[in-house]
Structure formats: structure tokens, C-alpha cells
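Peer 1: Enclosed is the structure file upload.tsv (TSV, C-alpha atoms and all ligand atoms).
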chain	number	residue	atom	x	y	z
A	7	MET	CA	62.97	140.25	81.46
A	8	ALA	CA	62.92	136.57	80.65
A	9	GLY	CA	60.60	136.93	77.65
A	10	LEU	CA	58.10	134.15	76.99
A	11	GLN	CA	59.69	131.35	75.02
A	12	HIS	CA	56.71	129.31	73.88
A	13	ALA	CA	54.90	129.25	70.55
A	14	LEU	CA	51.91	131.33	71.68
A	15	ALA	CA	53.98	134.31	72.86
A	16	LEU	CA	52.85	137.51	71.16
A	17	ASN	CA	54.79	138.86	68.22
A	18	LYS	CA	56.46	142.03	69.41
A	19	ASP	CA	58.10	144.76	67.38
A	20	LEU	CA	60.96	146.88	68.69
A	21	ASN	CA	58.64	149.56	70.07
A	22	GLN	CA	56.62	147.01	71.97
A	23	ARG	CA	59.72	145.39	73.42
A	24	ALA	CA	61.01	148.77	74.51
A	25	ARG	CA	57.67	149.58	76.15
A	26	GLU	CA	57.72	146.31	78.07
A	27	ARG	CA	61.37	146.62	79.07
A	28	PHE	CA	60.73	150.10	80.37
A	29	THR	CA	57.81	148.87	82.47
A	30	SER	CA	59.74	145.89	83.83
A	31	SER	CA	62.82	147.96	84.64
A	32	MET	CA	60.75	150.62	86.33
A	33	ARG	CA	59.01	148.00	88.44
A	34	ALA	CA	62.34	146.40	89.36
A	35	TRP	CA	63.63	149.81	90.44
A	36	VAL	CA	60.52	150.58	92.50
A	37	LEU	CA	60.52	147.16	94.17
A	38	THR	CA	64.20	147.12	94.99
A	39	ASP	CA	65.86	150.57	95.18
A	40	LEU	CA	62.84	152.68	96.07
A	41	ALA	CA	61.54	150.02	98.46
A	42	ALA	CA	64.93	150.00	100.24
A	43	GLN	CA	64.82	153.80	100.53
A	44	MET	CA	61.29	153.66	101.93
A	45	GLN	CA	62.37	151.14	104.55
A	46	ALA	CA	65.41	153.23	105.54
A	47	ASP	CA	63.16	156.30	105.75
A	48	TYR	CA	60.76	154.39	108.00
A	49	GLU	CA	63.52	153.17	110.30
A	50	GLN	CA	64.99	156.63	110.77
A	51	ALA	CA	61.62	158.41	111.06
A	52	SER	CA	60.28	156.00	113.68
A	53	ILE	CA	63.47	156.50	115.76
A	54	ASP	CA	63.13	160.28	115.41
A	55	ALA	CA	59.48	160.06	116.49
A	56	GLY	CA	60.38	157.77	119.41
A	57	GLU	CA	57.87	155.19	118.18
A	58	SER	CA	58.11	151.47	117.70
A	59	HIS	CA	55.39	149.51	115.96
A	60	ASN	CA	54.35	145.97	116.67
A	61	SER	CA	52.09	145.30	113.69
A	62	GLY	CA	51.93	145.87	109.96
A	63	GLU	CA	48.84	148.10	110.45
A	64	ALA	CA	50.77	150.37	112.85
A	65	VAL	CA	53.64	150.72	110.36
A	66	HIS	CA	51.12	151.47	107.59
A	67	GLN	CA	49.41	154.20	109.64
A	68	PHE	CA	52.77	155.74	110.54
A	69	LEU	CA	53.97	155.78	106.93
A	70	LYS	CA	50.80	157.01	105.27
A	71	GLU	CA	51.70	160.68	105.42
A	72	ARG	CA	55.34	160.28	104.45
A	73	GLY	CA	56.50	161.40	101.02
A	74	LEU	CA	58.53	158.31	100.20
A	75	PHE	CA	55.63	156.02	100.95
A	76	LYS	CA	53.37	158.09	98.70
A	77	TRP	CA	55.97	158.10	95.96
A	78	TYR	CA	56.52	154.36	96.22
A	79	SER	CA	52.77	153.67	96.22
A	80	SER	CA	52.02	155.97	93.29
A	81	LEU	CA	54.80	154.49	91.18
A	82	ARG	CA	53.78	150.94	92.04
A	83	CYS	CA	50.18	151.64	91.00
A	84	ALA	CA	51.30	153.42	87.85
A	85	THR	CA	53.68	150.64	86.80
A	86	GLN	CA	51.08	147.98	87.61
A	87	GLU	CA	48.67	149.72	85.23
A	88	LEU	CA	51.44	150.02	82.64
A	89	VAL	CA	51.98	146.25	82.78
A	90	TRP	CA	48.49	145.57	81.48
A	91	GLN	CA	48.35	148.55	79.14
A	92	SER	CA	51.57	147.56	77.42
A	93	VAL	CA	50.24	144.05	76.79
A	94	LEU	CA	46.86	145.25	75.56
A	95	ARG	CA	48.69	147.39	73.01
A	96	ALA	CA	50.60	144.34	71.80
A	97	ILE	CA	47.35	142.40	71.42
A	98	GLU	CA	45.74	145.25	69.47
A	99	SER	CA	48.65	145.28	67.07
A	100	ASP	CA	48.58	141.48	66.67
A	101	PRO	CA	44.89	140.39	66.72
A	102	ASP	CA	45.84	137.15	64.99
A	103	SER	CA	47.48	136.01	68.21
A	104	ILE	CA	44.03	135.70	69.81
A	105	ASN	CA	42.49	134.04	66.76
A	106	HIS	CA	45.33	131.58	66.78
A	107	VAL	CA	44.67	130.64	70.40
A	108	ASN	CA	40.91	130.48	69.90
A	109	THR	CA	41.28	127.98	67.12
A	110	ALA	CA	44.11	125.93	68.66
A	111	THR	CA	41.92	123.85	70.95
A	112	SER	CA	42.05	120.39	69.44
A	113	PRO	CA	44.38	118.19	71.49
A	114	THR	CA	47.55	117.11	69.80
A	115	HIS	CA	49.64	116.07	72.78
A	116	GLY	CA	47.10	114.26	74.94
A	117	GLY	CA	45.84	117.22	76.93
A	118	SER	CA	42.17	118.13	77.23
A	119	LEU	CA	39.87	121.02	78.03
A	120	ALA	CA	36.55	120.46	79.81
A	121	LEU	CA	34.52	123.64	80.20
A	122	ASP	CA	31.34	123.70	82.27
A	123	GLU	CA	28.87	126.48	81.56
A	124	LYS	CA	27.31	125.99	85.01
A	125	VAL	CA	30.59	127.15	86.60
A	126	ALA	CA	31.29	130.88	86.76
A	127	LEU	CA	34.00	133.04	88.31
A	128	PRO	CA	32.48	134.08	91.67
A	129	ALA	CA	31.39	137.69	92.12
A	130	TYR	CA	34.17	138.55	94.63
A	131	SER	CA	36.60	138.23	91.71
A	132	ASP	CA	34.42	138.97	88.71
A	133	THR	CA	33.22	142.36	89.97
A	134	MET	CA	36.62	144.03	90.15
A	135	ASP	CA	39.82	144.35	88.16
A	136	VAL	CA	41.91	142.02	90.33
A	137	HIS	CA	45.44	143.44	90.73
A	138	LEU	CA	44.32	146.24	88.39
A	139	MET	CA	44.10	143.77	85.48
A	140	PRO	CA	41.42	145.12	83.13
A	141	GLY	CA	38.50	142.69	83.00
A	142	ASN	CA	40.16	140.36	85.53
A	143	TYR	CA	40.32	136.65	84.64
A	144	GLN	CA	37.31	136.84	82.32
A	145	GLY	CA	38.69	139.48	79.96
A	146	GLY	CA	37.38	142.98	79.44
A	147	HIS	CA	35.79	142.60	76.07
A	148	SER	CA	35.97	138.85	76.30
A	149	GLN	CA	37.19	137.51	73.02
A	150	GLY	CA	37.62	133.86	73.89
A	151	ALA	CA	41.04	133.34	75.39
A	152	GLU	CA	42.06	137.01	75.53
A	153	ALA	CA	42.21	137.14	79.34
A	154	GLY	CA	44.74	134.30	79.21
A	155	VAL	CA	46.89	136.11	76.66
A	156	VAL	CA	46.82	139.23	78.83
A	157	TYR	CA	47.71	137.29	81.97
A	158	ASP	CA	50.60	135.34	80.43
A	159	ASN	CA	52.25	138.27	78.70
A	160	GLY	CA	51.40	140.63	81.58
A	161	LEU	CA	52.92	138.36	84.22
A	162	ASP	CA	56.09	138.24	82.15
A	163	VAL	CA	56.36	142.05	82.22
A	164	PHE	CA	55.24	142.19	85.86
A	165	SER	CA	57.83	139.73	87.15
A	166	PHE	CA	60.86	141.31	85.43
A	167	GLY	CA	62.49	137.93	84.84
A	168	VAL	CA	62.40	136.44	88.32
A	169	MET	CA	59.72	133.77	87.73
A	170	GLY	CA	61.64	131.56	85.35
A	171	LYS	CA	61.44	130.52	81.75
A	172	ASN	CA	57.77	130.70	80.77
A	173	LEU	CA	56.88	131.77	84.33
A	174	ASP	CA	57.13	128.25	85.69
A	175	ASP	CA	59.68	128.43	88.48
A	176	ILE	CA	57.10	128.24	91.28
A	177	GLY	CA	55.71	125.03	89.79
A	178	HIS	CA	59.19	123.51	89.40
A	179	SER	CA	60.13	124.50	92.94
A	180	MET	CA	56.96	123.07	94.50
A	181	ALA	CA	56.99	119.87	92.44
A	182	ASN	CA	60.65	119.18	93.22
A	183	PHE	CA	60.19	120.05	96.87
A	184	THR	CA	57.39	117.43	96.92
A	185	ARG	CA	59.55	114.87	95.10
A	186	LEU	CA	62.41	115.34	97.57
A	187	LYS	CA	60.31	115.51	100.75
A	188	TRP	CA	58.06	112.53	99.99
A	189	PRO	CA	60.22	110.22	97.84
A	190	ASP	CA	57.72	107.33	98.15
A	191	LEU	CA	54.65	109.31	97.13
A	192	ASN	CA	54.61	108.14	93.46
A	193	PRO	CA	51.65	110.35	92.61
A	194	LYS	CA	49.11	109.11	90.07
A	195	LEU	CA	46.83	112.17	90.13
A	196	ILE	CA	48.00	115.74	90.79
A	197	VAL	CA	45.55	118.65	90.82
A	198	ASP	CA	46.47	122.33	90.56
A	199	VAL	CA	43.54	124.42	91.86
A	200	GLY	CA	43.22	128.03	90.64
A	201	CYS	CA	45.74	127.25	87.90
A	202	THR	CA	44.82	130.27	85.68
A	203	ILE	CA	46.80	129.56	82.47
A	204	GLY	CA	48.61	126.48	83.82
A	205	HIS	CA	52.11	128.00	83.80
A	206	ASN	CA	52.83	126.42	87.20
A	207	THR	CA	50.84	123.27	86.39
A	208	LEU	CA	53.15	122.09	83.59
A	209	PRO	CA	56.21	121.49	85.82
A	210	TRP	CA	54.26	118.86	87.77
A	211	LYS	CA	53.96	116.77	84.62
A	212	GLN	CA	57.63	117.39	83.83
A	213	THR	CA	58.62	116.29	87.35
A	214	PHE	CA	56.20	113.35	87.59
A	215	PRO	CA	55.77	112.14	83.99
A	216	GLU	CA	53.83	109.05	85.11
A	217	ALA	CA	51.14	111.09	86.83
A	218	GLU	CA	47.96	112.54	85.37
A	219	VAL	CA	48.03	116.28	85.99
A	220	HIS	CA	44.86	118.39	86.15
A	221	GLY	CA	44.57	122.17	86.10
A	222	LEU	CA	41.33	123.53	87.60
A	223	ASP	CA	40.05	127.08	87.46
A	224	ALA	CA	36.76	128.98	87.50
A	225	ALA	CA	37.60	131.23	84.53
A	226	SER	CA	37.08	129.64	81.10
A	227	PRO	CA	39.13	132.20	79.07
A	228	CYS	CA	42.22	131.40	81.12
A	229	LEU	CA	41.66	127.65	80.81
A	230	GLN	CA	41.12	127.91	77.08
A	231	TYR	CA	44.41	129.73	76.69
A	232	GLY	CA	46.17	127.44	79.18
A	233	HIS	CA	45.11	124.40	77.18
A	234	ALA	CA	46.37	125.88	73.90
A	235	ARG	CA	49.60	126.93	75.62
A	236	ALA	CA	50.25	123.49	77.13
A	237	GLU	CA	49.55	121.79	73.82
A	238	ALA	CA	51.88	124.21	72.05
A	239	MET	CA	54.56	123.22	74.55
A	240	GLY	CA	53.83	119.51	74.09
A	241	ILE	CA	52.91	118.85	77.73
A	242	PRO	CA	49.65	116.93	78.30
A	243	ILE	CA	47.52	118.53	81.01
A	244	GLN	CA	43.81	117.96	81.64
A	245	PHE	CA	42.19	121.36	82.22
A	246	LYS	CA	38.76	121.55	83.86
A	247	GLN	CA	36.48	124.41	84.73
A	248	ALA	CA	35.60	123.83	88.39
A	249	LEU	CA	35.33	125.61	91.72
A	250	CYS	CA	37.67	125.08	94.63
A	251	ASP	CA	34.82	124.35	97.03
A	252	ALA	CA	33.40	121.57	94.81
A	253	LEU	CA	36.39	119.59	93.56
A	254	PRO	CA	35.22	117.15	90.89
A	255	TYR	CA	36.66	114.00	92.49
A	256	SER	CA	35.31	111.30	94.72
A	257	ASP	CA	36.73	110.82	98.22
A	258	SER	CA	40.35	109.69	98.64
A	259	ASN	CA	41.28	109.79	94.96
A	260	VAL	CA	43.98	112.43	94.57
A	261	ASP	CA	47.67	112.24	95.52
A	262	VAL	CA	48.59	115.93	95.44
A	263	VAL	CA	46.41	119.03	95.71
A	264	PHE	CA	48.50	122.06	94.80
A	265	SER	CA	47.72	125.77	94.72
A	266	SER	CA	49.92	128.72	93.93
A	267	MET	CA	49.31	132.39	94.72
A	268	PHE	CA	45.65	131.39	94.98
A	269	LEU	CA	44.52	131.53	98.60
A	270	HIS	CA	45.07	135.26	99.03
A	271	GLU	CA	42.45	135.93	96.36
A	272	LEU	CA	39.70	134.10	98.29
A	273	PRO	CA	37.38	135.16	101.10
A	274	THR	CA	38.30	133.29	104.30
A	275	GLU	CA	35.22	131.04	104.30
A	276	LEU	CA	36.15	129.82	100.82
A	277	ILE	CA	39.74	129.06	101.84
A	278	ARG	CA	38.27	126.89	104.59
A	279	ALA	CA	35.87	125.21	102.15
A	280	PHE	CA	38.77	124.53	99.75
A	281	PHE	CA	40.88	122.97	102.51
A	282	ASN	CA	37.93	120.77	103.53
A	283	GLU	CA	37.61	119.66	99.91
A	284	ALA	CA	41.35	119.03	99.61
A	285	HIS	CA	41.23	116.85	102.71
A	286	ARG	CA	38.21	114.95	101.37
A	287	VAL	CA	39.68	114.15	97.93
A	288	LEU	CA	43.23	113.31	99.07
A	289	LYS	CA	44.21	109.69	99.49
A	290	PRO	CA	45.70	108.77	102.86
A	291	GLY	CA	49.35	109.77	102.46
A	292	GLY	CA	48.40	112.43	99.88
A	293	VAL	CA	49.71	115.97	100.16
A	294	LEU	CA	48.13	119.44	100.14
A	295	ILE	CA	50.79	121.99	99.17
A	296	ASN	CA	50.14	125.73	98.79
A	297	MET	CA	52.69	128.23	97.54
A	298	GLU	CA	51.84	131.59	99.08
A	299	LEU	CA	53.24	134.60	100.85
A	300	PRO	CA	54.36	133.82	104.40
A	301	PRO	CA	51.96	134.44	107.30
A	302	ASN	CA	52.11	137.71	109.18
A	303	ASP	CA	52.94	135.95	112.44
A	304	ALA	CA	56.27	134.79	110.93
A	305	LEU	CA	57.36	138.31	109.99
A	306	GLY	CA	58.37	141.50	111.70
A	307	ALA	CA	55.98	144.47	111.61
A	308	TYR	CA	57.68	146.19	108.67
A	309	ASP	CA	57.67	143.10	106.44
A	310	ALA	CA	54.06	142.42	107.35
A	311	PHE	CA	53.17	145.95	106.25
A	312	TYR	CA	55.26	145.62	103.09
A	313	LEU	CA	53.66	142.35	101.93
A	314	ASP	CA	50.13	143.54	102.79
A	315	TRP	CA	50.50	146.66	100.64
A	316	ASP	CA	48.56	144.98	97.79
A	317	CYS	CA	45.50	144.59	99.98
A	318	PHE	CA	45.07	148.35	100.16
A	319	TYR	CA	46.35	149.61	96.82
A	320	ASN	CA	46.26	146.77	94.28
A	321	ASN	CA	42.69	145.41	94.36
A	322	GLU	CA	43.61	142.38	96.44
A	323	PRO	CA	41.10	142.88	99.26
A	324	PHE	CA	41.52	139.47	100.93
A	325	TYR	CA	45.33	139.53	101.10
A	326	LYS	CA	45.74	140.69	104.67
A	327	ASN	CA	42.86	138.65	106.11
A	328	PHE	CA	44.44	135.55	104.63
A	329	ARG	CA	47.94	136.35	105.91
A	330	ASP	CA	46.58	137.08	109.38
A	331	LEU	CA	45.21	133.51	109.62
A	332	SER	CA	47.04	130.69	111.35
A	333	TYR	CA	48.22	128.39	108.55
A	334	PRO	CA	48.58	125.34	110.83
A	335	GLY	CA	45.10	126.18	112.18
A	336	LEU	CA	43.62	126.21	108.66
A	337	CYS	CA	45.00	122.72	107.98
A	338	ALA	CA	43.94	121.34	111.36
A	339	ASP	CA	40.40	122.74	111.00
A	340	ALA	CA	40.07	120.89	107.68
A	341	GLY	CA	40.90	117.57	109.34
A	342	PHE	CA	44.67	117.24	108.85
A	343	ALA	CA	46.49	116.01	111.94
A	344	LYS	CA	48.46	118.78	113.69
A	345	GLN	CA	51.75	116.91	113.41
A	346	ASP	CA	51.29	116.54	109.64
A	347	PHE	CA	51.52	120.30	108.99
A	348	PHE	CA	54.64	121.44	107.14
A	349	GLN	CA	56.04	124.74	105.97
A	350	ALA	CA	59.18	125.46	103.98
A	351	THR	CA	61.14	128.24	102.35
A	352	MET	CA	63.23	127.52	99.30
A	353	PRO	CA	65.36	129.12	96.60
A	354	ARG	CA	64.06	129.14	93.02
A	355	PHE	CA	64.58	125.66	91.63
A	356	THR	CA	65.48	126.69	88.08
A	357	TYR	CA	68.05	129.26	89.27
A	358	VAL	CA	70.17	127.04	91.56
A	359	SER	CA	71.74	123.60	91.50
A	360	GLU	CA	69.59	120.67	92.59
A	361	ALA	CA	71.93	120.06	95.55
A	362	GLU	CA	71.57	123.65	96.75
A	363	PHE	CA	67.80	123.44	96.34
A	364	ALA	CA	67.61	120.13	98.22
A	365	GLU	CA	69.69	121.44	101.10
A	366	ALA	CA	67.83	124.73	101.46
A	367	SER	CA	64.33	123.34	101.04
A	368	GLY	CA	65.04	120.51	103.48
A	369	ALA	CA	66.13	122.87	106.26
A	370	ALA	CA	63.73	124.49	108.73
A	371	ALA	CA	61.80	127.37	107.15
A	372	SER	CA	63.78	130.57	107.53
A	373	PHE	CA	62.09	133.91	106.95
A	374	ASP	CA	64.02	136.94	105.87
A	375	ALA	CA	63.54	139.96	103.64
A	376	ASP	CA	63.79	137.72	100.57
A	377	THR	CA	60.85	135.50	101.48
A	378	GLY	CA	57.96	136.31	99.18
A	379	ARG	CA	59.31	139.73	98.23
A	380	LEU	CA	59.45	140.14	94.45
A	381	SER	CA	63.11	140.74	93.70
A	382	ASP	CA	66.09	138.99	92.11
A	383	THR	CA	66.74	137.18	95.37
A	384	ILE	CA	63.20	136.04	96.15
A	385	THR	CA	62.71	132.77	98.04
A	386	TRP	CA	59.40	130.89	97.84
A	387	TYR	CA	57.28	129.86	100.79
A	388	ALA	CA	55.02	126.81	100.91
A	389	PHE	CA	52.78	125.26	103.52
A	390	GLY	CA	50.29	122.44	103.77
A	391	ALA	CA	49.86	119.01	105.24
A	392	GLN	CA	50.06	115.33	104.45
A	393	LYS	CA	46.85	113.42	105.03
A	394	SER	CA	47.62	110.65	107.44
A	395	GLY	CA	45.89	107.28	107.30
A	396	ASP	CA	43.66	108.10	110.27
A	397	SER	CA	43.04	111.87	109.84
A	401	LIG	C1	46.19	134.68	91.22
A	401	LIG	S1	45.42	133.55	90.19
A	401	LIG	C2	46.33	132.08	90.49
A	401	LIG	C3	47.68	132.12	89.89
A	401	LIG	C4	48.33	130.84	89.49
A	401	LIG	N1	47.93	129.69	90.25
A	401	LIG	C5	49.84	131.02	89.55
A	401	LIG	O1	50.52	130.06	89.90
A	401	LIG	O2	50.34	132.10	89.23
A	401	LIG	C6	43.90	133.14	90.92
A	401	LIG	C7	43.04	132.21	90.06
A	401	LIG	O3	41.99	131.67	90.85
A	401	LIG	C8	40.83	131.54	90.06
A	401	LIG	N2	39.68	131.45	90.99
A	401	LIG	C9	39.17	132.42	91.77
A	401	LIG	N3	38.20	131.92	92.54
A	401	LIG	C10	38.12	130.59	92.27
A	401	LIG	C11	37.32	129.52	92.77
A	401	LIG	N4	36.40	129.73	93.72
A	401	LIG	N5	37.51	128.28	92.30
A	401	LIG	C12	38.46	128.05	91.32
A	401	LIG	N6	39.23	129.03	90.81
A	401	LIG	C13	39.07	130.28	91.28
A	401	LIG	C14	40.85	132.76	89.16
A	401	LIG	O4	40.07	132.56	88.00
A	401	LIG	C15	42.35	132.89	88.88
A	401	LIG	O5	42.69	132.22	87.71
Represent the structure contained in this file as C-alpha cells.
Ligand SMILES: C[S@@+](CC[C@H](N)C(=O)[O-])C[C@H]1O[C@@H](n2cnc3c(N)ncnc32)[C@H](O)[C@@H]1O

Peer 2:
Amino acid sequence: MAGLQHALALNKDLNQRARERFTSSMRAWVLTDLAAQMQADYEQASIDAGESHNSGEAVHQFLKERGLFKWYSSLRCATQELVWQSVLRAIESDPDSINHVNTATSPTHGGSLALDEKVALPAYSDTMDVHLMPGNYQGGHSQGAEAGVVYDNGLDVFSFGVMGKNLDDIGHSMANFTRLKWPDLNPKLIVDVGCTIGHNTLPWKQTFPEAEVHGLDAASPCLQYGHARAEAMGIPIQFKQALCDALPYSDSNVDVVFSSMFLHELPTELIRAFFNEAHRVLKPGGVLINMELPPNDALGAYDAFYLDWDCFYNNEPFYKNFRDLSYPGLCADAGFAKQDFFQATMPRFTYVSEAEFAEASGAAASFDADTGRLSDTITWYAFGAQKSGDS
């Protein structure tokens, strides 16, 4: 476990740390060792049955009755619930942590927080515990920023140390990929849509200090916490409560529209509306970049099944529909020119040398078992498009 290293991290006694380490280690074991056993079991069992499967759904149906699949699924659900429970216990034993966040909203480092009471988290998200997180992004018993505290500390336990110091490796990877791929971009305005607590928003400001960086989200508790967190870390970010299908910018004003692990939580029509908005607000030459899981059409049947697991067992109902879409098609339908589509796979920026990162992220996207699969060797996937002058 990396352990959060910023000033708003919860105070944790030895028991709490042990509880979290247990949960993280158990998840790491399930997602690496047990997952490998389940795959080996599948490979042997499908040979024995004389079957081959050409889609993730077919693999899923075949595996459903097998013991290892059931064991893997039960333990993944149980450890996912433990992630949130362990953090809620820490909050209960340190209620001052929430009070501290709720009162730490006056800007000291140039950041801001603009909440809009007319904006609400849409029902598709607000009516369920997304990825089994109690109370989703609004917070169960909604004490101001509590949902943000739960998310930050929970993601730290969830990711067992593979998402970087303060959970910001995706942001660093995407921002540096952008810097290397478009060296003349010189962005003035960068917008992270669906930023939650801004953990992947901050690296954009660190990478492009001259730019104004905005973090947008529908959920005010997460934004409130994200603002306090960014200020505590001394990084000025402008947080705004806004919806992805009504971006609060006039046409051709933004240099980079970024999203991370966001699209798979949206119904398809909203993904399309967001892409239309991104195209509208981007300047000619501006870039839409989305970090996500790779599309099903880039993967073999087993990997497609494996990465869609969350859709069926982790309250992520839109996951598979999203990953079944054509990513180039999504960009083209929003008005980006076909030739301006890009996709890339890359190592984690904060875990490798810059030269290694530059070489790997500049090569053609290569998909393997590491791409998008939460493990020590995970590689990130990104796709999007640059808005050309005439698109
Ligand atoms: C999985 S989280 C995003 C995670 C984050 N970007 C990261 O890098 O880890 C999804 C976020 O989208 C927000 N959200 C959901 N629907 C939205 C919408 N229509 N407009 C803006 N934000 C939305 C939720 O409040 C939540 O914070």
C-alpha cells in the first residue's frame, strides 16, 4: 500500500492500518494469484470440453458454474465491501477529519470551489452504490465532504499501491503523454471532467504550471473534499460543479478536455453528449484525452470477460456497453476527423524513467494482459482525438 501522503489523510492507529493492509493484500492476492488460477482453470476446462469461445459473454457463460470463478467472484465482492467498511471505521474513530475538511474551504493557494445547487448527480449514479461504495459519490449520511474522504482513503486501500503517491499516477501519465505527443500545444485551459476528488487533476497543473486547470464533477461532496485536498497540497485548481453534457465554456475555448475512469460510468447517450460537448469547447488543435479500459474489440475473449466482470458483480452497469463501443466511432460521431483519432498504451509515469515512458507511450498501442488489469504491472490505456482546424 502506498498510503496517502497529504495533510488530509486520516489519522490511523495500528489496528486500522492492519485492517487496511489485510484488505489490500487480500485484494492483491485475488487479482493476481487467484485470477491466474481462474484463467488456467478456464483454459484447461475449455479444452476438456472441446469448446472455444469468441466473446467475453461466451467465456462468462462457460465459467459461471465453475468453482474457481465463484470463489474469485465471492472474494472480489467481499474484499470490495471491506475496502469501504475499513475506511468508514477509520472515519468513525476520527470524526474531526471530516470537520477539518468541511471547514478548510477558504482558498490559500489560488484554487477555488464553485458549487451550483441546480446541478445534481444524475439518477443513474445516485440511485445505487456505485462499485459497492456506500452512498456513492454523494455520501451515505452526507456530512459535507464525507464521500470525498471515503473515496480518497478507499481508493488507496483498493489499489494496493499501484496508483502512485496520492493516487495520481494516471494524471501524471496522461499529462506527460500529452506533453510529449503535442509539444507545441502550450495549453492555457485544461479541464478534467468527472474529476471526483481531483487526484488525477493535480498532475496537469504540475506538468503545465502556466495553464489554468479546472476539475468538474456533478457531486458536490467530492468537489468540496477535492478543493480542500488540493489546497492542502498547495496546488491551485479551480473546481466547479457541472455536468459533462453541459460544459460551462463557450465554443473553442479549451485546450485539453481530459477524463479518467469516467466514461464507463455513463449511459451511452451521455458519453455521446459529452464527446459532442468536448468537441464544441475545444479550440482547433485542442485535445480530448480519455484514460479508460481498452475496448473489447482490442482484446481476446478471455480478457474481454475479465475486464467486464465489474459490469455484472460490482454495480458498474454501463461498463460492458461502453467497452463494446467503437472508440474511433465515438470520436468521429462527435465531429473529430477520423485521421485525428489516437490511442496509446503506456507504463505508469511515476514508476519508470522519463525515457522509458517516452519510448513506450510513443510506440503503437500494444495490448496484453497488463493493459488495464489492476496489478503491479498494469499499463494505462488512453484514447481520444485532436480537433483539427476544419473539423
Ligand atoms: C469513477 S469516478 C471518476 C474517477 C476519477 N476521474 C479518477 O481519475 O479516478 C466518476 C465520477 O463521475 C461523476 N459523474 C457522474 N456522472 C456525471 C455527469 N453526468 N457529469 C459530471 N460528472 C459526473 C461522479 O460524481 C464521479 O465523481

Peer 1: Just want the 10 Å neighbourhood of Leu331 of chain A, counted on only C-alpha atoms, with same-chain residues fewer than 5 positions away dropped. Output as a list in words.

Peer 2: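 Here the qualifying residues turn out to be Thr274, Pro301, Asn302, Asp303, Lys326 and Leu336 of chain A.
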
Peer 1: List as a Markdown table every residue of segment 136-200 of chain A that is in contact with segment 223-237 of chain A, defined as an atom at most 9 Å from one of its atoms (using only C-alpha atoms), together with the nearest atom pair and the distance in Å rounded to one decimal, sorted by chain and then rising number.

Peer 2:
| residue | atom | partner | partner_atom | distance |
| --- | --- | --- | --- | --- |
| A:Tyr143 | CA | A:Ala225 | CA | 6.1 |
| A:Gln144 | CA | A:Pro227 | CA | 6.0 |
| A:Gly145 | CA | A:Pro227 | CA | 7.3 |
| A:Ser148 | CA | A:Pro227 | CA | 7.9 |
| A:Gln149 | CA | A:Pro227 | CA | 8.3 |
| A:Gly150 | CA | A:Pro227 | CA | 5.6 |
| A:Ala151 | CA | A:Pro227 | CA | 4.3 |
| A:Glu152 | CA | A:Pro227 | CA | 6.7 |
| A:Ala153 | CA | A:Pro227 | CA | 5.8 |
| A:Gly154 | CA | A:Cys228 | CA | 4.3 |
| A:Val155 | CA | A:Tyr231 | CA | 6.8 |
| A:Tyr157 | CA | A:Cys228 | CA | 8.1 |
| A:Asp198 | CA | A:Asp223 | CA | 8.6 |
| A:Val199 | CA | A:Asp223 | CA | 6.2 |
| A:Gly200 | CA | A:Asp223 | CA | 4.6 |

Peer 1: At a cut-off of 8 Å and counting only C-alpha atoms and all ligand atoms, what residues surround ligand LIG 401 (chain A)? Please answer as a PyMOL selection string.

Peer 2: chain A and resi 127-128+131+143-144+176-177+198-207+222-225+228+247-251+265-272+276

Peer 1: Leaving out segment 279-296 of chain A and any residue of its chain fewer than 5 positions from it, which residues lie within 8 Å of it when counting only C-alpha atoms, given as a ChimeraX atom specification?

Peer 2: /A:180,191,250-253,255-267,336-337,340-342,388-396

Peer 1: Just write the chosen residues, C-alpha atoms, as an mmCIF file, in the coordinates of the input.

Peer 2:
data_model
loop_
_atom_site.group_PDB
_atom_site.id
_atom_site.type_symbol
_atom_site.label_atom_id
_atom_site.label_comp_id
_atom_site.auth_asym_id
_atom_site.auth_seq_id
_atom_site.Cartn_x
_atom_site.Cartn_y
_atom_site.Cartn_z
ATOM 1 C CA MET A 180 56.960 123.070 94.500
ATOM 2 C CA LEU A 191 54.650 109.310 97.130
ATOM 3 C CA CYS A 250 37.670 125.080 94.630
ATOM 4 C CA ASP A 251 34.820 124.350 97.030
ATOM 5 C CA ALA A 252 33.400 121.570 94.810
ATOM 6 C CA LEU A 253 36.390 119.590 93.560
ATOM 7 C CA TYR A 255 36.660 114.000 92.490
ATOM 8 C CA SER A 256 35.310 111.300 94.720
ATOM 9 C CA ASP A 257 36.730 110.820 98.220
ATOM 10 C CA SER A 258 40.350 109.690 98.640
ATOM 11 C CA ASN A 259 41.280 109.790 94.960
ATOM 12 C CA VAL A 260 43.980 112.430 94.570
ATOM 13 C CA ASP A 261 47.670 112.240 95.520
ATOM 14 C CA VAL A 262 48.590 115.930 95.440
ATOM 15 C CA VAL A 263 46.410 119.030 95.710
ATOM 16 C CA PHE A 264 48.500 122.060 94.800
ATOM 17 C CA SER A 265 47.720 125.770 94.720
ATOM 18 C CA SER A 266 49.920 128.720 93.930
ATOM 19 C CA MET A 267 49.310 132.390 94.720
ATOM 20 C CA LEU A 336 43.620 126.210 108.660
ATOM 21 C CA CYS A 337 45.000 122.720 107.980
ATOM 22 C CA ALA A 340 40.070 120.890 107.680
ATOM 23 C CA GLY A 341 40.900 117.570 109.340
ATOM 24 C CA PHE A 342 44.670 117.240 108.850
ATOM 25 C CA ALA A 388 55.020 126.810 100.910
ATOM 26 C CA PHE A 389 52.780 125.260 103.520
ATOM 27 C CA GLY A 390 50.290 122.440 103.770
ATOM 28 C CA ALA A 391 49.860 119.010 105.240
ATOM 29 C CA GLN A 392 50.060 115.330 104.450
ATOM 30 C CA LYS A 393 46.850 113.420 105.030
ATOM 31 C CA SER A 394 47.620 110.650 107.440
ATOM 32 C CA GLY A 395 45.890 107.280 107.300
ATOM 33 C CA ASP A 396 43.660 108.100 110.270
#

Peer 1: Just checking: using all atoms listed in the file, which residue out of A:Leu313, A:Gln244, A:Asp374, A:Leu305 ends up closest to Leu121 of chain A?

Peer 2: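 The shortest atom-to-atom distance to Leu121 of chain A comes from A:Gln244.
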
Peer 1: For atom CA of Ser99 of chain A and atom CA of Lys18 of chain A, quote the distance in Å rounded to one decimal.

Peer 2: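 A separation of 8.8 Å between them.
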
Peer 1: Would you give me, as a Markdown table, each residue of segment 13-49 of chain A having an atom within 12 Å of an atom of segment 58-72 of chain A, along with its shortest atom pair and that distance in Å to one decimal, using all atoms listed in the file and sorting by chain and residue number?

Peer 2:
| residue | atom | partner | partner_atom | distance |
| --- | --- | --- | --- | --- |
| A:Met44 | CA | A:Leu69 | CA | 9.1 |
| A:Gln45 | CA | A:Leu69 | CA | 9.9 |
| A:Ala46 | CA | A:Leu69 | CA | 11.8 |
| A:Asp47 | CA | A:Arg72 | CA | 8.9 |
| A:Tyr48 | CA | A:Leu69 | CA | 7.0 |
| A:Glu49 | CA | A:Ser58 | CA | 9.3 |
